[in-house]
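K.L.:
My structure is in structure_22.txt, and what it holds is compact mmCIF, C-alpha atoms:
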```txt
# COMPACT_ATOMS: atom_id res chain seq x y z
CA MET A 1366 0.00 0.00 0.00
CA PHE A 1367 2.81 2.40 0.86
CA SER A 1368 5.59 3.14 -1.59
CA THR A 1369 8.96 4.53 -0.60
CA ILE A 1370 8.62 8.10 0.61
CA GLU A 1371 10.69 10.67 -1.25
CA SER A 1372 14.23 10.55 0.14
CA SER A 1373 14.44 14.34 0.29
CA PHE A 1374 11.71 14.45 2.94
CA LYS A 1375 13.10 15.10 6.41
CA LEU A 1376 9.79 15.06 8.29
CA VAL A 1377 6.75 12.81 7.82
CA THR A 1378 3.57 13.09 9.94
CA PHE A 1379 0.61 10.70 10.21
CA ASP A 1380 -2.24 12.35 12.12
CA ARG A 1381 -5.37 10.51 13.33
CA THR A 1382 -4.66 7.56 11.06
CA VAL A 1383 -5.88 3.99 11.47
CA PHE A 1384 -3.40 1.33 10.40
CA TYR A 1385 -4.67 -2.19 9.67
CA THR A 1386 -2.81 -5.51 9.82
CA ASP A 1387 0.79 -5.00 8.66
CA GLU A 1388 0.42 -1.41 7.42
CA PHE A 1389 2.18 0.20 10.38
CA MET A 1390 5.47 -1.59 9.74
CA SER A 1391 5.08 -0.99 6.02
CA VAL A 1392 4.88 2.73 6.70
CA LEU A 1393 8.08 2.63 8.72
CA GLU A 1394 9.84 0.69 6.00
CA SER A 1395 8.77 3.28 3.44
CA CYS A 1396 10.43 5.97 5.59
CA ALA A 1397 13.90 4.44 5.45
CA ARG A 1398 15.55 7.79 4.60
CA VAL A 1399 13.40 10.04 6.79
CA GLU A 1400 14.90 11.70 9.88
CA HIS A 1401 11.78 12.74 11.79
CA ILE A 1402 8.57 10.64 11.96
CA LEU A 1403 5.44 11.60 13.90
CA PHE A 1404 2.51 9.24 14.50
CA ILE A 1405 -0.07 11.48 16.19
CA ASP A 1406 -3.29 10.16 17.75
CA ILE A 1407 -3.17 6.98 15.67
CA LYS A 1408 -4.86 3.62 16.12
CA LEU A 1409 -3.46 0.19 15.26
CA ASP A 1410 -6.18 -2.25 14.25
CA TYR A 1411 -4.89 -5.81 14.47
CA SER A 1412 -8.30 -7.42 14.48
CA ASP A 1413 -7.09 -10.32 12.36
CA ARG A 1414 -4.09 -10.84 14.65
CA HIS A 1415 -1.70 -10.59 11.70
CA PHE A 1416 1.46 -8.88 12.95
CA THR A 1417 4.49 -8.09 10.81
CA ARG A 1418 7.92 -7.19 12.12
CA LEU A 1419 10.03 -4.32 10.83
CA GLY A 1420 12.29 -5.75 8.14
CA VAL A 1421 14.60 -2.87 7.23
CA GLU A 1422 16.99 -0.59 9.10
CA LEU A 1423 16.13 3.08 9.59
CA PRO A 1424 19.63 4.60 9.72
CA CYS A 1425 18.48 8.20 9.26
CA LEU A 1426 15.76 8.23 11.91
CA THR A 1427 16.65 10.58 14.77
CA PHE A 1428 13.19 11.54 16.08
CA LEU A 1429 10.23 9.19 16.54
CA GLU A 1430 6.89 9.94 18.16
CA LEU A 1431 4.24 7.29 18.78
CA SER A 1432 1.10 8.92 20.14
CA PHE A 1433 -1.90 6.61 20.25
CA SER A 1434 -5.56 7.53 20.48
CA ASN A 1435 -7.38 7.20 23.79
CA THR A 1436 -9.52 4.39 22.35
CA GLN A 1437 -6.34 2.44 21.61
CA LEU A 1438 -5.73 2.01 25.33
CA ARG A 1439 -8.92 -0.01 25.68
CA TYR A 1440 -8.47 -1.84 22.38
CA TRP A 1441 -5.00 -3.11 23.25
CA ARG A 1442 -5.77 -4.94 26.45
CA ASN A 1443 -6.17 -8.31 24.74
CA GLN A 1444 -3.43 -7.78 22.13
CA ALA A 1445 -0.48 -6.53 24.17
CA ASP A 1446 1.78 -9.58 23.86
CA ALA A 1447 1.29 -9.98 20.12
CA LEU A 1448 1.81 -6.26 19.48
CA ILE A 1449 5.03 -6.18 21.52
CA ASP A 1450 6.28 -9.20 19.61
CA SER A 1451 5.70 -7.41 16.31
CA MET A 1452 7.61 -4.36 17.55
CA SER A 1453 10.49 -6.34 19.04
CA PRO A 1454 13.07 -5.64 16.30
CA MET A 1455 12.04 -2.01 15.75
CA PHE A 1456 14.43 -0.13 18.01
CA ARG A 1457 17.30 -2.40 17.04
CA GLN A 1458 16.84 -1.06 13.51
CA CYS A 1459 17.19 2.60 14.60
CA PRO A 1460 20.88 3.01 15.51
CA ASN A 1461 20.81 6.82 15.34
CA LEU A 1462 17.56 7.48 17.20
CA GLN A 1463 18.06 10.42 19.56
CA HIS A 1464 14.53 11.41 20.63
CA PHE A 1465 11.61 9.09 21.37
CA ILE A 1466 8.12 10.09 22.54
CA LEU A 1467 5.55 7.44 23.52
CA ASP A 1468 2.11 8.64 24.62
CA ASN A 1469 -0.94 6.55 25.52
CA GLY A 1470 0.81 3.21 25.36
CA ILE A 1471 -0.35 0.49 27.73
CA PRO A 1472 2.08 -0.10 30.62
CA SER A 1473 3.56 -3.30 29.22
CA LEU A 1474 4.32 -1.57 25.92
CA GLN A 1475 5.76 1.46 27.72
CA ALA A 1476 8.05 -0.76 29.77
CA TYR A 1477 9.11 -2.75 26.73
CA CYS A 1478 9.91 0.32 24.60
CA THR A 1479 11.80 1.95 27.47
CA ARG A 1480 14.03 -1.07 27.90
CA GLU A 1481 14.61 -1.45 24.15
CA VAL A 1482 15.51 2.21 23.66
CA LEU A 1483 17.99 2.18 26.53
CA ASP A 1484 19.55 -1.08 25.36
CA HIS A 1485 19.67 -0.62 21.58
CA CYS A 1486 19.72 3.12 20.79
CA PRO A 1487 23.19 4.29 21.83
CA ARG A 1488 22.60 7.90 20.80
CA ILE A 1489 19.32 8.38 22.66
CA GLN A 1490 19.08 11.82 24.23
CA THR A 1491 15.38 12.30 25.02
CA LEU A 1492 12.85 9.77 26.31
CA SER A 1493 9.22 10.63 27.07
CA VAL A 1494 6.82 7.97 28.39
CA THR A 1495 3.42 9.41 29.26
CA VAL A 1496 -0.34 8.93 29.25
CA ARG A 1497 -2.60 11.64 27.83
CA LEU A 1498 0.06 14.34 27.81
CA ARG A 1499 1.00 14.50 24.14
CA ASN A 1500 0.64 18.24 23.43
CA ASN A 1501 2.54 19.30 26.54
CA VAL A 1502 5.30 16.77 25.94
CA THR A 1503 5.93 17.76 22.35
CA GLU A 1504 6.36 21.39 23.36
CA LEU A 1505 8.71 20.42 26.19
CA VAL A 1506 10.88 18.26 23.94
CA TYR A 1507 11.17 20.81 21.15
CA ASP A 1508 11.94 23.54 23.67
CA TYR A 1509 14.68 21.40 25.21
CA ILE A 1510 16.19 20.62 21.81
CA LYS A 1511 16.22 24.28 20.82
CA ARG A 1512 17.84 25.33 24.08
CA THR A 1513 20.51 22.64 24.04
CA GLY A 1514 21.32 22.00 20.43
CA ASN A 1515 19.32 23.89 17.81
CA THR A 1516 20.47 27.45 17.34
CA ASP A 1517 18.34 28.59 14.40
CA GLY A 1518 14.98 27.80 16.04
CA THR A 1519 13.65 25.64 13.21
CA VAL A 1520 11.51 23.01 14.89
CA PRO A 1521 10.78 20.29 14.08
CA SER A 1522 12.71 20.09 10.79
CA ASN A 1523 16.06 20.68 12.46
CA VAL A 1524 16.16 18.76 15.71
CA LEU A 1525 19.59 17.18 15.95
CA LEU A 1526 21.54 17.61 19.13
CA PRO A 1527 25.33 17.69 18.98
CA THR A 1528 26.75 14.26 18.24
CA THR A 1529 27.34 12.45 21.51
CA THR A 1530 27.11 9.00 23.04
CA ASP A 1531 26.99 10.21 26.64
CA GLY A 1532 23.59 8.68 27.41
CA LEU A 1533 20.05 9.82 28.12
CA ARG A 1534 19.77 13.51 29.01
CA PHE A 1535 16.06 14.34 29.18
CA PHE A 1536 13.34 12.14 30.69
CA ILE A 1537 9.60 12.91 30.89
CA HIS A 1538 7.24 10.59 32.74
CA ARG A 1539 3.53 10.49 33.46
CA PRO A 1540 2.56 6.90 34.23
CA ALA A 1541 -0.73 5.12 33.92
CA THR A 1542 -2.52 4.23 37.14
CA ASP A 1543 -1.74 0.54 36.64
CA GLU A 1544 1.94 0.90 35.78
CA HIS A 1545 3.31 0.14 39.26
CA GLU A 1546 4.55 -3.36 38.50
CA TYR A 1547 6.72 -2.17 35.60
CA ASN A 1548 8.77 0.46 37.49
CA ILE A 1549 9.65 2.41 34.35
CA ALA A 1550 11.18 5.34 36.25
CA THR A 1551 13.29 2.94 38.30
CA VAL A 1552 14.69 1.37 35.13
CA VAL A 1553 15.50 4.75 33.60
CA PHE A 1554 17.09 6.23 36.70
CA ASP A 1555 19.10 3.11 37.47
CA GLU A 1556 20.45 3.11 33.93
CA SER A 1557 20.91 6.82 33.26
CA TYR A 1558 21.49 8.64 36.57
CA SER A 1559 25.02 9.60 35.56
CA SER A 1560 23.98 11.35 32.31
CA LEU A 1561 20.57 12.90 33.05
CA GLU A 1562 20.39 16.69 32.82
CA HIS A 1563 16.64 17.35 32.90
CA ILE A 1564 13.64 15.41 34.24
CA GLU A 1565 9.92 16.24 34.23
CA LEU A 1566 7.66 14.02 36.33
CA PHE A 1567 3.85 14.25 36.55
CA TYR A 1568 2.23 12.10 39.23
CA ASP A 1569 -0.94 11.85 41.28
CA GLY A 1570 -1.99 9.86 44.33
CA CYS A 1571 -2.99 6.91 42.14
CA ASN A 1572 0.09 6.52 39.93
CA ILE A 1573 3.04 7.63 42.09
CA ASN A 1574 5.77 5.05 42.57
CA THR A 1575 8.35 6.57 44.89
CA TYR A 1576 10.87 3.79 44.27
CA GLY A 1577 11.82 5.45 40.98
CA LEU A 1578 12.90 8.71 42.60
CA PHE A 1579 14.36 6.77 45.49
CA THR A 1580 16.65 5.04 42.98
CA LEU A 1581 17.79 8.38 41.59
CA ALA A 1582 18.31 9.76 45.10
CA TYR A 1583 20.32 6.67 46.02
CA HIS A 1584 22.69 7.06 43.07
CA GLY A 1585 22.71 10.84 42.94
CA ALA A 1586 22.62 12.70 39.62
CA PRO A 1587 25.84 14.70 39.20
CA PHE A 1588 24.82 16.44 35.97
CA LEU A 1589 21.11 16.99 36.66
CA ARG A 1590 20.38 20.69 36.04
CA GLU A 1591 16.57 20.78 35.98
CA ILE A 1592 13.88 18.91 37.85
CA HIS A 1593 10.16 19.58 37.38
CA PHE A 1594 8.02 17.56 39.74
CA SER A 1595 4.21 17.69 40.03
CA LEU A 1596 2.29 15.51 42.50
CA PHE A 1597 -1.40 15.96 43.27
CA GLY A 1598 -3.67 14.18 45.76
CA TYR A 1599 -0.87 12.40 47.62
CA ASP A 1600 -1.59 10.70 50.94
CA MET A 1601 1.36 8.86 52.47
CA THR A 1602 -0.92 6.98 54.89
CA THR A 1603 -2.37 5.00 51.98
CA HIS A 1604 0.81 4.74 49.94
CA THR A 1605 3.48 2.05 50.03
CA GLY A 1606 7.09 2.96 49.47
CA PRO A 1607 9.42 5.64 50.80
CA PRO A 1608 7.61 8.89 51.74
CA ILE A 1609 7.93 11.33 48.88
CA ASP A 1610 9.01 14.26 51.06
CA GLN A 1611 12.02 12.30 52.34
CA VAL A 1612 12.82 11.10 48.82
CA LEU A 1613 12.82 14.69 47.51
CA ILE A 1614 15.03 15.83 50.40
CA ASP A 1615 17.52 13.05 49.66
CA LEU A 1616 17.38 13.73 45.93
CA VAL A 1617 18.18 17.45 45.97
CA SER A 1618 20.98 16.83 48.44
CA ARG A 1619 22.60 14.48 45.90
CA CYS A 1620 22.29 16.74 42.84
CA PRO A 1621 24.88 19.53 43.17
CA SER A 1622 24.43 20.85 39.62
CA LEU A 1623 20.73 21.76 39.94
CA GLU A 1624 19.92 25.16 38.44
CA VAL A 1625 16.14 24.91 37.98
CA ILE A 1626 13.73 23.30 40.44
CA ARG A 1627 9.95 23.34 39.99
CA ILE A 1628 7.88 21.51 42.59
CA ARG A 1629 4.07 21.48 42.75
CA LEU A 1630 2.46 19.49 45.56
CA SER A 1631 -1.02 18.92 46.89
CA GLY A 1632 -2.53 16.50 49.37
CA LYS A 1633 -3.08 16.39 53.11
CA SER A 1634 0.29 14.75 53.68
CA PHE A 1635 1.96 18.00 52.58
CA THR A 1636 -0.49 20.37 54.24
CA ASN A 1637 -0.10 18.58 57.58
CA THR A 1638 3.72 18.32 57.60
CA PRO A 1639 5.08 21.88 57.71
CA ASN A 1640 8.40 20.80 59.23
CA ARG A 1641 9.10 18.43 56.34
CA ASN A 1642 8.23 21.12 53.79
CA ALA A 1643 10.60 23.52 55.52
CA GLU A 1644 13.34 20.87 55.64
CA LEU A 1645 13.00 20.33 51.89
CA LEU A 1646 13.19 24.08 51.22
CA MET A 1647 16.28 24.49 53.40
CA THR A 1648 17.92 21.44 51.82
CA ILE A 1649 17.47 23.12 48.45
CA ALA A 1650 19.05 26.31 49.80
CA LYS A 1651 22.05 24.49 51.27
CA SER A 1652 22.66 21.83 48.60
CA CYS A 1653 22.11 23.70 45.32
CA PRO A 1654 24.68 26.52 45.03
CA LEU A 1655 23.99 26.96 41.30
CA LEU A 1656 20.23 27.43 41.73
CA ARG A 1657 18.82 30.08 39.38
CA GLN A 1658 15.10 29.32 39.38
CA LEU A 1659 12.85 27.91 42.07
CA LEU A 1660 9.13 27.25 41.94
CA PHE A 1661 7.83 25.63 45.12
CA ARG A 1662 4.06 25.59 45.41
CA VAL A 1663 2.15 23.58 48.02
CA PHE A 1664 -1.64 23.72 47.75
CA ALA A 1665 -3.35 25.18 50.86
CA TYR A 1666 -0.02 25.79 52.55
CA ARG A 1667 2.53 28.59 52.78
CA PHE A 1668 5.97 28.78 54.36
CA ASP A 1669 6.12 30.82 57.54
CA VAL A 1670 8.19 33.97 58.05
CA LYS A 1671 11.08 32.30 59.89
CA THR A 1672 11.50 29.63 57.22
CA MET A 1673 11.51 32.19 54.43
CA LEU A 1674 14.02 34.45 56.18
CA ASP A 1675 16.30 31.47 56.83
CA PHE A 1676 15.98 30.46 53.19
CA ALA A 1677 16.79 33.97 51.95
CA ALA A 1678 19.88 34.13 54.14
CA THR A 1679 21.12 30.69 53.04
CA VAL A 1680 20.35 30.27 49.33
CA GLY A 1681 23.20 30.55 46.84
CA PRO A 1682 24.26 33.69 44.98
CA LYS A 1683 22.63 32.91 41.63
CA LEU A 1684 18.89 32.79 42.38
CA GLU A 1685 17.02 35.04 39.94
CA TYR A 1686 13.48 33.59 39.84
CA LEU A 1687 11.46 32.66 42.92
CA PHE A 1688 7.83 31.45 42.85
CA ILE A 1689 6.76 30.13 46.24
CA SER A 1690 3.90 29.53 48.68
CA MET A 1691 4.73 31.82 51.60
CA ASP A 1692 3.51 34.22 54.26
CA HIS A 1693 3.35 37.53 52.43
CA SER A 1694 4.65 39.53 55.40
CA ALA A 1695 8.15 38.19 54.71
CA ALA A 1696 8.04 39.01 50.99
CA LEU A 1697 9.75 42.41 51.06
CA THR A 1698 12.55 41.20 53.31
CA VAL A 1699 13.11 38.15 51.12
CA VAL A 1700 13.41 40.29 48.00
CA GLN A 1701 15.75 42.70 49.73
CA THR A 1702 17.92 39.87 51.09
CA ILE A 1703 18.24 37.88 47.85
CA THR A 1704 19.83 40.66 45.83
CA THR A 1705 20.02 38.59 42.63
CA LEU A 1706 16.22 38.21 42.31
CA VAL A 1707 14.69 39.77 39.21
CA HIS A 1708 11.33 37.95 39.25
CA PHE A 1709 9.33 37.09 42.35
CA SER A 1710 5.88 35.66 43.00
CA ALA A 1711 4.28 34.31 46.17
CA THR A 1712 1.01 32.55 46.88
CA SER A 1713 -0.29 35.95 47.92
CA TYR A 1714 0.35 37.28 44.44
CA VAL A 1715 -1.06 37.08 40.95
CA GLY A 1716 2.04 37.84 38.94
CA GLU A 1717 3.55 40.49 41.21
CA ILE A 1718 0.23 41.68 42.66
CA PHE A 1719 -0.97 40.50 46.07
CA ASN A 1720 -4.47 39.06 46.00
CA GLY A 1721 -4.63 36.24 48.57
CA PHE A 1722 -5.27 36.07 52.28
CA ILE A 1723 -6.75 39.56 52.26
CA GLY A 1724 -9.12 38.68 55.08
CA GLN A 1725 -6.23 37.77 57.36
CA ASP A 1726 -3.75 40.46 56.39
CA ASN A 1727 -3.58 44.23 56.37
CA PRO A 1728 -4.48 45.50 52.87
CA GLU A 1729 -2.53 48.72 53.40
CA THR A 1730 0.64 46.82 54.30
CA ILE A 1731 0.10 44.55 51.29
CA SER A 1732 -0.14 47.53 48.97
CA GLN A 1733 2.98 49.18 50.39
CA ASP A 1734 5.03 45.99 50.17
CA ARG A 1735 3.83 45.35 46.65
CA LYS A 1736 4.93 48.78 45.46
CA ALA A 1737 8.31 48.45 47.14
CA ILE A 1738 8.89 44.99 45.65
CA GLU A 1739 7.87 46.10 42.18
CA CYS A 1740 10.24 49.06 42.38
CA ILE A 1741 13.16 46.89 43.49
CA LEU A 1742 12.55 44.27 40.81
CA ASN A 1743 12.06 46.81 38.02
CA ASN A 1744 15.36 48.46 38.91
CA ARG A 1745 17.13 45.12 38.89
CA ILE A 1746 15.61 44.11 35.57
CA GLU A 1747 16.72 47.37 33.97
CA ASN A 1748 20.27 46.72 35.13
CA SER A 1749 20.25 43.02 34.28
CA GLN A 1750 21.07 41.18 31.08
CA THR A 1751 18.87 38.25 32.14
CA ASP A 1752 16.13 37.09 29.78
CA THR A 1753 13.03 37.72 31.89
CA ARG A 1754 10.97 35.37 29.72
CA ILE A 1755 12.86 32.26 30.78
CA PHE A 1756 10.46 31.37 33.57
CA SER A 1757 7.24 32.01 31.69
CA ARG A 1758 6.19 28.41 31.03
CA TYR A 1759 3.58 26.91 33.35
CA TYR A 1760 1.80 23.56 33.18
```
Turn this file's structure into structure tokens for me.
P.N.:
Amino acid sequence: MFSTIESSFKLVTFDRTVFYTDEFMSVLESCARVEHILFIDIKLDYSDRHFTRLGVELPCLTFLELSFSNTQLRYWRNQADALIDSMSPMFRQCPNLQHFILDNGIPSLQAYCTREVLDHCPRIQTLSVTVRLRNNVTELVYDYIKRTGNTDGTVPSNVLLPTTTDGLRFFIHRPATDEHEYNIATVVFDESYSSLEHIELFYDGCNINTYGLFTLAYHGAPFLREIHFSLFGYDMTTHTGPPIDQVLIDLVSRCPSLEVIRIRLSGKSFTNTPNRNAELLMTIAKSCPLLRQLLFRVFAYRFDVKTMLDFAATVGPKLEYLFISMDHSAALTVVQTITTLVHFSATSYVGEIFNGFIGQDNPETISQDRKAIECILNNRIENSQTDTRIFSRYY
């Protein structure tokens, strides 16, 4: 059905396509000279159980995205073993693959592809294994590639990172609720802790497996520069495994190269453990001398004045961006103490404007502090060469 795709094509996209029987592998074989292949929101229909393995090498392929439709998740439950068998040679035929995105794969397929990529793709740089996060992930990956290796900004046609065999650098993970037995994050961190530079982890109370981060904390990550961690609805009383607050404390203490930390937490286990939250914040201040950006938001909780003043007096000399849940009465002192800050936002702010906890605080004091903070930051921005847009992405 599919003839060889023109060799001059660098990028080929299949969007909302249904592939029957052996068509999927035929498509890959027709793309033997293509560098960048996107399968977006596709469905594989193997109703006749006829699976065909990839029969040719894809030496030019550097970027592969497999994003399956939501209906595929339900459709695959009775076909997982046969599908994995058909895909078994695929990654062994992609010796130059550098970036792989898998979205909406069933856990067994996610675990299989993760292992294959790590074992048989020596130039892999980026690995994303998620469920229902395709649009966010694609933006994150392209942004990372532009910042680390693509100087002219042409995405996705020019996506190559500098030639290297140093190992996986960027890992994104949002697991399915029934992934626990596969321990994908544990496999990745155990294999790639010494090369990782950037990780983005999206968890909730149903899919969190703390053993993955525990593995990374155990090894330490000497070159990790960015960690983005979101966890919602966590309750340690109903969770098995190391408590996540202790795991995060251990992790940041073992990652001396961290420059960007973004942590978003919610759940009664965080709201009811202020001492642990403060210990994590102070561990960040003491263990991350290169820290430039910190986002630390805990739902329905804010750091008290003493903790914030201790943090401001302890944090390293490079902090420029601070977004944090905190008692607003310490805000002005924090900004004055951390003289490198050029962008600041607290729970009591929208942007740089106080709006929260009005019923408990003095509106006049809020207004005065806001004006003083804005004046300080504006003066610093005018005298700074820092790109103030760098911390603009939220998710």
K.L.:
Show which residues sit within 9 Å of Arg1418 in chain A, as a ChimeraX atom specification. Count all atoms listed in the file, and ignore same-chain residues fewer than 4 positions away.
P.N.:
/A:1387,1390,1450-1455
K.L.:
Compile the contact shell of Arg1627 in chain A as a list in words: residues with an atom at most 10 Å away, counting all atoms listed in the file, same-chain residues fewer than 2 positions apart removed.
P.N.:
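Result of the neighbour search: Glu1565, Glu1591, Ile1592, His1593, Phe1594, Ser1595, Val1625, Arg1629, Gln1658, Leu1659, Leu1660, Phe1661, Arg1662, Leu1687, Phe1688, Ile1689 and Tyr1759 of chain A.
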K.L.:
CA of Pro1424 in chain A and CA of Ala1397 in chain A, how far apart in Å?
P.N.:
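Separation of CA of Ala1397 in chain A and CA of Pro1424 in chain A: 7.1 Å.
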K.L.:
So, counting all atoms listed in the file, which residue among A:Val1506, A:Lys1408, A:Ser1395, A:Ile1466 is closest to Glu1430 in chain A?
P.N.:
A:Ile1466
K.L.:
Quote the spacing between CA of Arg1398 in chain A and CA of Tyr1509 in chain A in Å to one decimal place.
P.N.:
24.7 Å
K.L.:
Between CA of Glu1504 in chain A and CA of Leu1426 in chain A, what is the distance, to one decimal in Å?
P.N.:
19.8 Å
K.L.:
I want to know what sits within 7 Å of range 1474-1482 of chain A, based on all atoms listed in the file, with residues of the same chain fewer than 2 positions away left out; could you give that as a list in words?
P.N.:
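Final neighbour list, sorted by chain and number: Ile1449, Phe1456, Gly1470, Ile1471, Pro1472, Asp1484, His1485, Cys1486, Val1494, Tyr1547 and Ile1549 of chain A.
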K.L.:
Between A:Leu1706, A:Asp1446, A:Thr1382, A:Ile1405, which has the minimum distance to Ala1677 in chain A (counting only C-alpha atoms)?
P.N.:
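Closest to Ala1677 in chain A, using only C-alpha atoms: A:Leu1706.
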K.L.:
My list of candidates is A:Arg1488, A:His1584, A:Arg1534, A:Lys1683. Which is closest to His1563 in chain A when distances are computed with all atoms listed in the file?
P.N.:
A:Arg1534
K.L.:
Restricting the calculation to only C-alpha atoms: of A:Ala1550, A:Ile1564, A:Ala1696, A:Ala1541, which residue gets closest to Phe1668 in chain A?
P.N.:
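Residue with the minimum atom-to-atom distance to Phe1668 in chain A: A:Ala1696.
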K.L.:
Between A:Phe1664, A:Phe1597, A:Phe1588, A:Phe1676, which is the closest to Leu1623 in chain A once you count all atoms listed in the file?
P.N.:
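Using all atoms listed in the file, the shortest distance to Leu1623 in chain A belongs to A:Phe1588.
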K.L.:
Nearest to Ala1643 in chain A among A:Tyr1576, A:Tyr1666, A:Tyr1558, A:Phe1379, with distances taken over all atoms listed in the file: which residue is it?
P.N.:
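Ranked by minimum distance to Ala1643 in chain A, first place goes to A:Tyr1666.
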